[in-house]
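Data block below; observations after.
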Amino acid sequence: MASAPQMISTMPAIASIRASVLTPLVQQIDRRSGKTDLLLAAHGILRSQLDDPYAMVPMARYVAIFEDAALITNEPTLGARMGTLFKPSDIGPIGILFSISSTIRAGFERLAKYVNTVQSATSSGVFEEDGNLVWSYRLEDAGMWPRRQDSEFTVAASCQLVRSCFAKGWRPIEVHFEHVAPRDRSMLERLIRAPLRFGESANRIIVSGADAVRVYRHEDADLAAVLERHVSELAGKTVTPDTVAEKVRSLIGIYLGHKPITLPAIAAELKVSVRTLQRRLADEDTSLRDLVRSYRQTIASTQLAAHIQKSRIAEVLGYADSTVLWRAQRGWALSASAPEDKSM
């Protein structure tokens, strides 16, 4: 297994995304419908905001606009199709960093590390599983739902980055989505070019170990340093510092159902002792147990509402079987009325 994943996860007062990210979406709606300005206005956004490369708009509005756009254009796979048109320059210096990376792994590590310079309240990370590379992406706010279009756009765009920067014929081993499977997944499978799994705890791209470490180019270290310095400066202006709980929550979202989530494992990822991690979480009035339970409860609530089988939910949440999930649900119901030991 790999060491700590490359990830940033923050939850500022209002989760936001760069307004310029909406430009390709607006162009698509312009081509397919005359309702672009009405749609933007309905969500409190002016077209003029898209001209400022550093302007931010609330993430919830972006997600909602994307879902509405798929309905207006009558194209359920709008997000995925737009993702296949994605270019490195569409996300500025982060995309250029991806394009000059020597390996696919290095590209995804940078994508995960700097995602919050483009959008906040996002968990993204890279880890190894069964000899393969796993890139994970998830919006933290469960209230932003449905969000199929954002998930499919992000995954398809990330696959397109690999194809445009490393190998045109590249295919993931598998792709995971957190939303339920559409009635017809054939178009999505053609766009993503990989076996798909749905109802997962996060959106993930599985890259073969050999593909992940293959060296495609010699990296320009000086250019990479300049770009990373610029991106870091942007991050300093737009990203608020993580609390320990937020860092732990991000790791939970990345690993849930794929790696054991224990105090020693999380402490090792954060490069602190178990005792230090416990103390810092206690200072924030929480614990690893609290955070795991809350995360599982949020995922379970969403998936139960989508009528996913309990056995599948149990698998995604890392439970042994649906009986253990049922016991956990009972515990969640009781936890509100009974104080819990913060130790783990």
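Ordering of the structure tokens sets the chain letters (A, B, ...); residue numbers start at 1 within each chain; ligands are numbered from 1 in the order shown.
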Exercise for the section: Give me the residues within 10 Å of Ala328 of chain A as a list in words, counting only C-alpha atoms and dropping any in the same chain fewer than 5 places off. Expected result: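 The filter keeps Arg293, Arg296, Gln297, Tyr319, Ser322, Thr323, Ala333 and Leu334 of chain A.
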Could you name the residues that touch Thr103 of chain A at 12 Å or less, counting only C-alpha atoms, but leaving out those on the same chain fewer than 2 positions away, as a compact mmCIF listing (two decimals) with N, CA and C atoms, in the first residue's frame?
```
# COMPACT_ATOMS: atom_id res chain seq x y z
N LEU A 97 0.46 21.55 -15.31
CA LEU A 97 1.26 20.68 -14.45
C LEU A 97 1.00 19.21 -14.74
N PHE A 98 -0.29 18.89 -14.92
CA PHE A 98 -0.65 17.51 -15.26
C PHE A 98 0.03 17.12 -16.58
N SER A 99 -0.01 18.02 -17.55
CA SER A 99 0.47 17.70 -18.89
C SER A 99 1.98 17.51 -18.97
N ILE A 100 2.73 18.13 -18.05
CA ILE A 100 4.19 17.98 -18.09
C ILE A 100 4.69 16.91 -17.13
N SER A 101 3.78 16.27 -16.39
CA SER A 101 4.17 15.24 -15.44
C SER A 101 4.81 14.06 -16.17
N ARG A 105 0.74 8.67 -12.57
CA ARG A 105 0.63 8.79 -11.12
C ARG A 105 0.96 10.21 -10.67
N ALA A 106 2.06 10.78 -11.17
CA ALA A 106 2.45 12.13 -10.78
C ALA A 106 1.37 13.14 -11.19
N GLY A 107 0.76 12.92 -12.35
CA GLY A 107 -0.30 13.82 -12.79
C GLY A 107 -1.49 13.79 -11.85
N PHE A 108 -1.93 12.60 -11.46
CA PHE A 108 -3.08 12.49 -10.56
C PHE A 108 -2.74 13.00 -9.16
N GLU A 109 -1.52 12.81 -8.71
CA GLU A 109 -1.13 13.34 -7.40
C GLU A 109 -1.22 14.86 -7.39
N ARG A 110 -0.80 15.48 -8.46
CA ARG A 110 -0.89 16.94 -8.55
C ARG A 110 -2.35 17.39 -8.65
N LEU A 133 -3.27 1.87 -9.07
CA LEU A 133 -3.42 3.23 -8.57
C LEU A 133 -4.90 3.59 -8.56
N VAL A 162 -5.60 12.20 -19.18
CA VAL A 162 -4.62 11.13 -19.35
C VAL A 162 -4.42 10.83 -20.83
N CYS A 165 -2.57 13.75 -22.62
CA CYS A 165 -1.22 14.06 -22.13
C CYS A 165 -0.27 12.85 -22.12
N PHE A 166 -0.84 11.63 -22.13
CA PHE A 166 0.01 10.45 -22.02
C PHE A 166 -0.19 9.42 -23.12
N ALA A 167 -1.41 8.93 -23.31
CA ALA A 167 -1.64 7.88 -24.31
C ALA A 167 -3.08 7.93 -24.81
N VAL A 207 -6.38 2.81 -12.11
CA VAL A 207 -5.33 2.80 -13.13
C VAL A 207 -4.42 1.60 -12.87
N GLY A 209 -1.23 -0.59 -12.30
CA GLY A 209 0.04 -0.20 -11.71
C GLY A 209 1.11 0.08 -12.75
N ALA A 210 1.13 -0.73 -13.81
CA ALA A 210 2.12 -0.54 -14.86
C ALA A 210 1.91 0.78 -15.59
N ASP A 211 0.65 1.10 -15.90
CA ASP A 211 0.35 2.37 -16.57
C ASP A 211 0.71 3.56 -15.68
N ALA A 212 0.45 3.42 -14.39
CA ALA A 212 0.62 4.54 -13.46
C ALA A 212 2.07 4.99 -13.34
N VAL A 213 3.02 4.06 -13.41
CA VAL A 213 4.43 4.41 -13.16
C VAL A 213 5.25 4.47 -14.45
N ARG A 214 4.65 4.16 -15.58
CA ARG A 214 5.40 4.24 -16.84
C ARG A 214 5.83 5.68 -17.10
N VAL A 215 7.10 5.86 -17.43
CA VAL A 215 7.64 7.21 -17.67
C VAL A 215 7.39 7.58 -19.13
N TYR A 216 6.63 8.65 -19.33
CA TYR A 216 6.28 9.10 -20.68
C TYR A 216 7.16 10.25 -21.16
N ARG A 217 7.76 10.98 -20.23
CA ARG A 217 8.59 12.12 -20.62
C ARG A 217 9.50 12.50 -19.47
N HIS A 218 10.53 13.23 -19.78
CA HIS A 218 11.39 13.81 -18.75
C HIS A 218 10.80 15.16 -18.37
N GLU A 219 10.54 15.32 -17.11
CA GLU A 219 9.86 16.51 -16.64
C GLU A 219 10.79 17.73 -16.61
```
Exercise for the section: Select, from A:Ala80, A:Arg163, A:Val248, A:Ile104, the residue with the minimum atom-to-atom distance to Glu189 of chain A, counting only C-alpha atoms. Expected result: A:Ala80
Exercise for the section: Calculate how many Å separate atom CA of Leu304 of chain A from atom CA of Gly143 of chain A, rounding to one decimal. Expected result: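 According to the coordinates, atom CA of Leu304 of chain A and atom CA of Gly143 of chain A are separated by 15.0 Å.
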Practice task
Please identify all polymer residues within 8 Å of segment 308-311 of chain A, counting only C-alpha atoms, omitting same-chain residues fewer than 3 positions from it, and present them as a ChimeraX atom specification.
Solution key: /A:180,199,303-305,314-315,321-322,325
Practice task
Please identify all polymer residues within 12 Å of Arg31 of chain A, counting only C-alpha atoms, omitting same-chain residues fewer than 5 positions from it, and present them as a PyMOL selection string.
Solution key: chain A and resi 24-26+36+69+72-73
Residue subset to file, keeping all heavy atoms, as a PDB file, in the first residue's frame:
```pdb
ATOM      1  N   PRO A  24     -17.442  26.356 -20.553  1.00  0.00           N
ATOM      2  CA  PRO A  24     -17.767  25.298 -21.534  1.00  0.00           C
ATOM      3  C   PRO A  24     -19.218  24.844 -21.448  1.00  0.00           C
ATOM      4  O   PRO A  24     -19.844  24.541 -22.471  1.00  0.00           O
ATOM      5  CB  PRO A  24     -16.808  24.163 -21.157  1.00  0.00           C
ATOM      6  CG  PRO A  24     -15.700  24.827 -20.404  1.00  0.00           C
ATOM      7  CD  PRO A  24     -16.342  25.953 -19.664  1.00  0.00           C
ATOM      8  N   LEU A  25     -19.771  24.804 -20.223  1.00  0.00           N
ATOM      9  CA  LEU A  25     -21.162  24.402 -20.054  1.00  0.00           C
ATOM     10  C   LEU A  25     -22.104  25.410 -20.703  1.00  0.00           C
ATOM     11  O   LEU A  25     -23.052  25.040 -21.407  1.00  0.00           O
ATOM     12  CB  LEU A  25     -21.486  24.264 -18.566  1.00  0.00           C
ATOM     13  CG  LEU A  25     -22.926  23.901 -18.210  1.00  0.00           C
ATOM     14  CD1 LEU A  25     -23.314  22.570 -18.838  1.00  0.00           C
ATOM     15  CD2 LEU A  25     -23.104  23.846 -16.692  1.00  0.00           C
ATOM     16  N   VAL A  26     -21.823  26.690 -20.495  1.00  0.00           N
ATOM     17  CA  VAL A  26     -22.639  27.745 -21.100  1.00  0.00           C
ATOM     18  C   VAL A  26     -22.583  27.658 -22.625  1.00  0.00           C
ATOM     19  O   VAL A  26     -23.592  27.825 -23.319  1.00  0.00           O
ATOM     20  CB  VAL A  26     -22.165  29.125 -20.606  1.00  0.00           C
ATOM     21  CG1 VAL A  26     -22.735  30.236 -21.484  1.00  0.00           C
ATOM     22  CG2 VAL A  26     -22.583  29.340 -19.154  1.00  0.00           C
ATOM     23  N   THR A  36     -29.963  29.938 -21.999  1.00  0.00           N
ATOM     24  CA  THR A  36     -28.766  30.033 -21.156  1.00  0.00           C
ATOM     25  C   THR A  36     -28.867  31.130 -20.117  1.00  0.00           C
ATOM     26  O   THR A  36     -28.659  30.901 -18.917  1.00  0.00           O
ATOM     27  CB  THR A  36     -27.515  30.273 -22.019  1.00  0.00           C
ATOM     28  OG1 THR A  36     -27.468  29.283 -23.041  1.00  0.00           O
ATOM     29  CG2 THR A  36     -26.261  30.193 -21.168  1.00  0.00           C
ATOM     30  N   ALA A  69     -29.007  21.798 -16.819  1.00  0.00           N
ATOM     31  CA  ALA A  69     -28.566  21.841 -18.211  1.00  0.00           C
ATOM     32  C   ALA A  69     -28.791  20.492 -18.894  1.00  0.00           C
ATOM     33  O   ALA A  69     -29.188  20.442 -20.073  1.00  0.00           O
ATOM     34  CB  ALA A  69     -27.088  22.221 -18.285  1.00  0.00           C
ATOM     35  N   ILE A  72     -32.473  20.445 -19.709  1.00  0.00           N
ATOM     36  CA  ILE A  72     -32.832  21.375 -20.775  1.00  0.00           C
ATOM     37  C   ILE A  72     -32.399  20.846 -22.140  1.00  0.00           C
ATOM     38  O   ILE A  72     -33.136  20.957 -23.133  1.00  0.00           O
ATOM     39  CB  ILE A  72     -32.205  22.759 -20.509  1.00  0.00           C
ATOM     40  CG1 ILE A  72     -32.911  23.444 -19.336  1.00  0.00           C
ATOM     41  CG2 ILE A  72     -32.270  23.639 -21.757  1.00  0.00           C
ATOM     42  CD1 ILE A  72     -32.262  24.732 -18.907  1.00  0.00           C
ATOM     43  N   THR A  73     -31.207  20.269 -22.191  1.00  0.00           N
ATOM     44  CA  THR A  73     -30.688  19.754 -23.465  1.00  0.00           C
ATOM     45  C   THR A  73     -31.164  18.334 -23.752  1.00  0.00           C
ATOM     46  O   THR A  73     -30.880  17.784 -24.824  1.00  0.00           O
ATOM     47  CB  THR A  73     -29.151  19.759 -23.461  1.00  0.00           C
ATOM     48  OG1 THR A  73     -28.672  18.933 -22.379  1.00  0.00           O
ATOM     49  CG2 THR A  73     -28.609  21.168 -23.296  1.00  0.00           C
TER      50      THR A  73
END
```
Practice task
Would you mind listing what lies within 9 Å of Val155 of chain A as a ChimeraX atom specification, with only C-alpha atoms counted and same-chain residues fewer than 6 positions away left out?
Solution key: /A:80,83,137,175,177,192,203-205
Suppose we keep C-alpha atoms; can you now write the selection as an mmCIF file, in the first residue's frame?
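Output below, filename again36.cif:
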```
data_model
loop_
_atom_site.group_PDB
_atom_site.id
_atom_site.type_symbol
_atom_site.label_atom_id
_atom_site.label_comp_id
_atom_site.auth_asym_id
_atom_site.auth_seq_id
_atom_site.Cartn_x
_atom_site.Cartn_y
_atom_site.Cartn_z
ATOM 1 C CA ALA A 80 -19.524 12.904 -19.447
ATOM 2 C CA GLY A 83 -15.552 15.760 -20.120
ATOM 3 C CA TYR A 137 -12.977 12.433 -6.053
ATOM 4 C CA VAL A 175 -14.420 3.476 -12.889
ATOM 5 C CA PHE A 177 -19.499 6.486 -9.413
ATOM 6 C CA ILE A 192 -15.537 6.527 -20.281
ATOM 7 C CA ASN A 203 -16.050 8.573 -7.619
ATOM 8 C CA ARG A 204 -12.865 6.699 -8.517
ATOM 9 C CA ILE A 205 -10.637 5.877 -11.461
#
```
Exercise for the section: Run DSSP on the backbone of this structure and report the residues of segment 87-278 of chain A it assigns to alpha helix (DSSP H), as a PyMOL selection string. Expected result: chain A and resi 93-100+104-114+148-165+186-192+209-213+221-238+244-255+263-270+274-278
Exercise for the section: Name the residues of segment 171-323 of chain A that fall into strand (DSSP E or B) according to DSSP on the backbone, using the chain letters and numbers of this document, as a count of residues only. Expected result: 10
Practice task
Within 7 Å of Glu140 of chain A, counting only C-alpha atoms, which residues show up once you throw out same-chain ones fewer than 3 positions away? Write them as number ranges by chain, please.
Solution key: A: 121-123
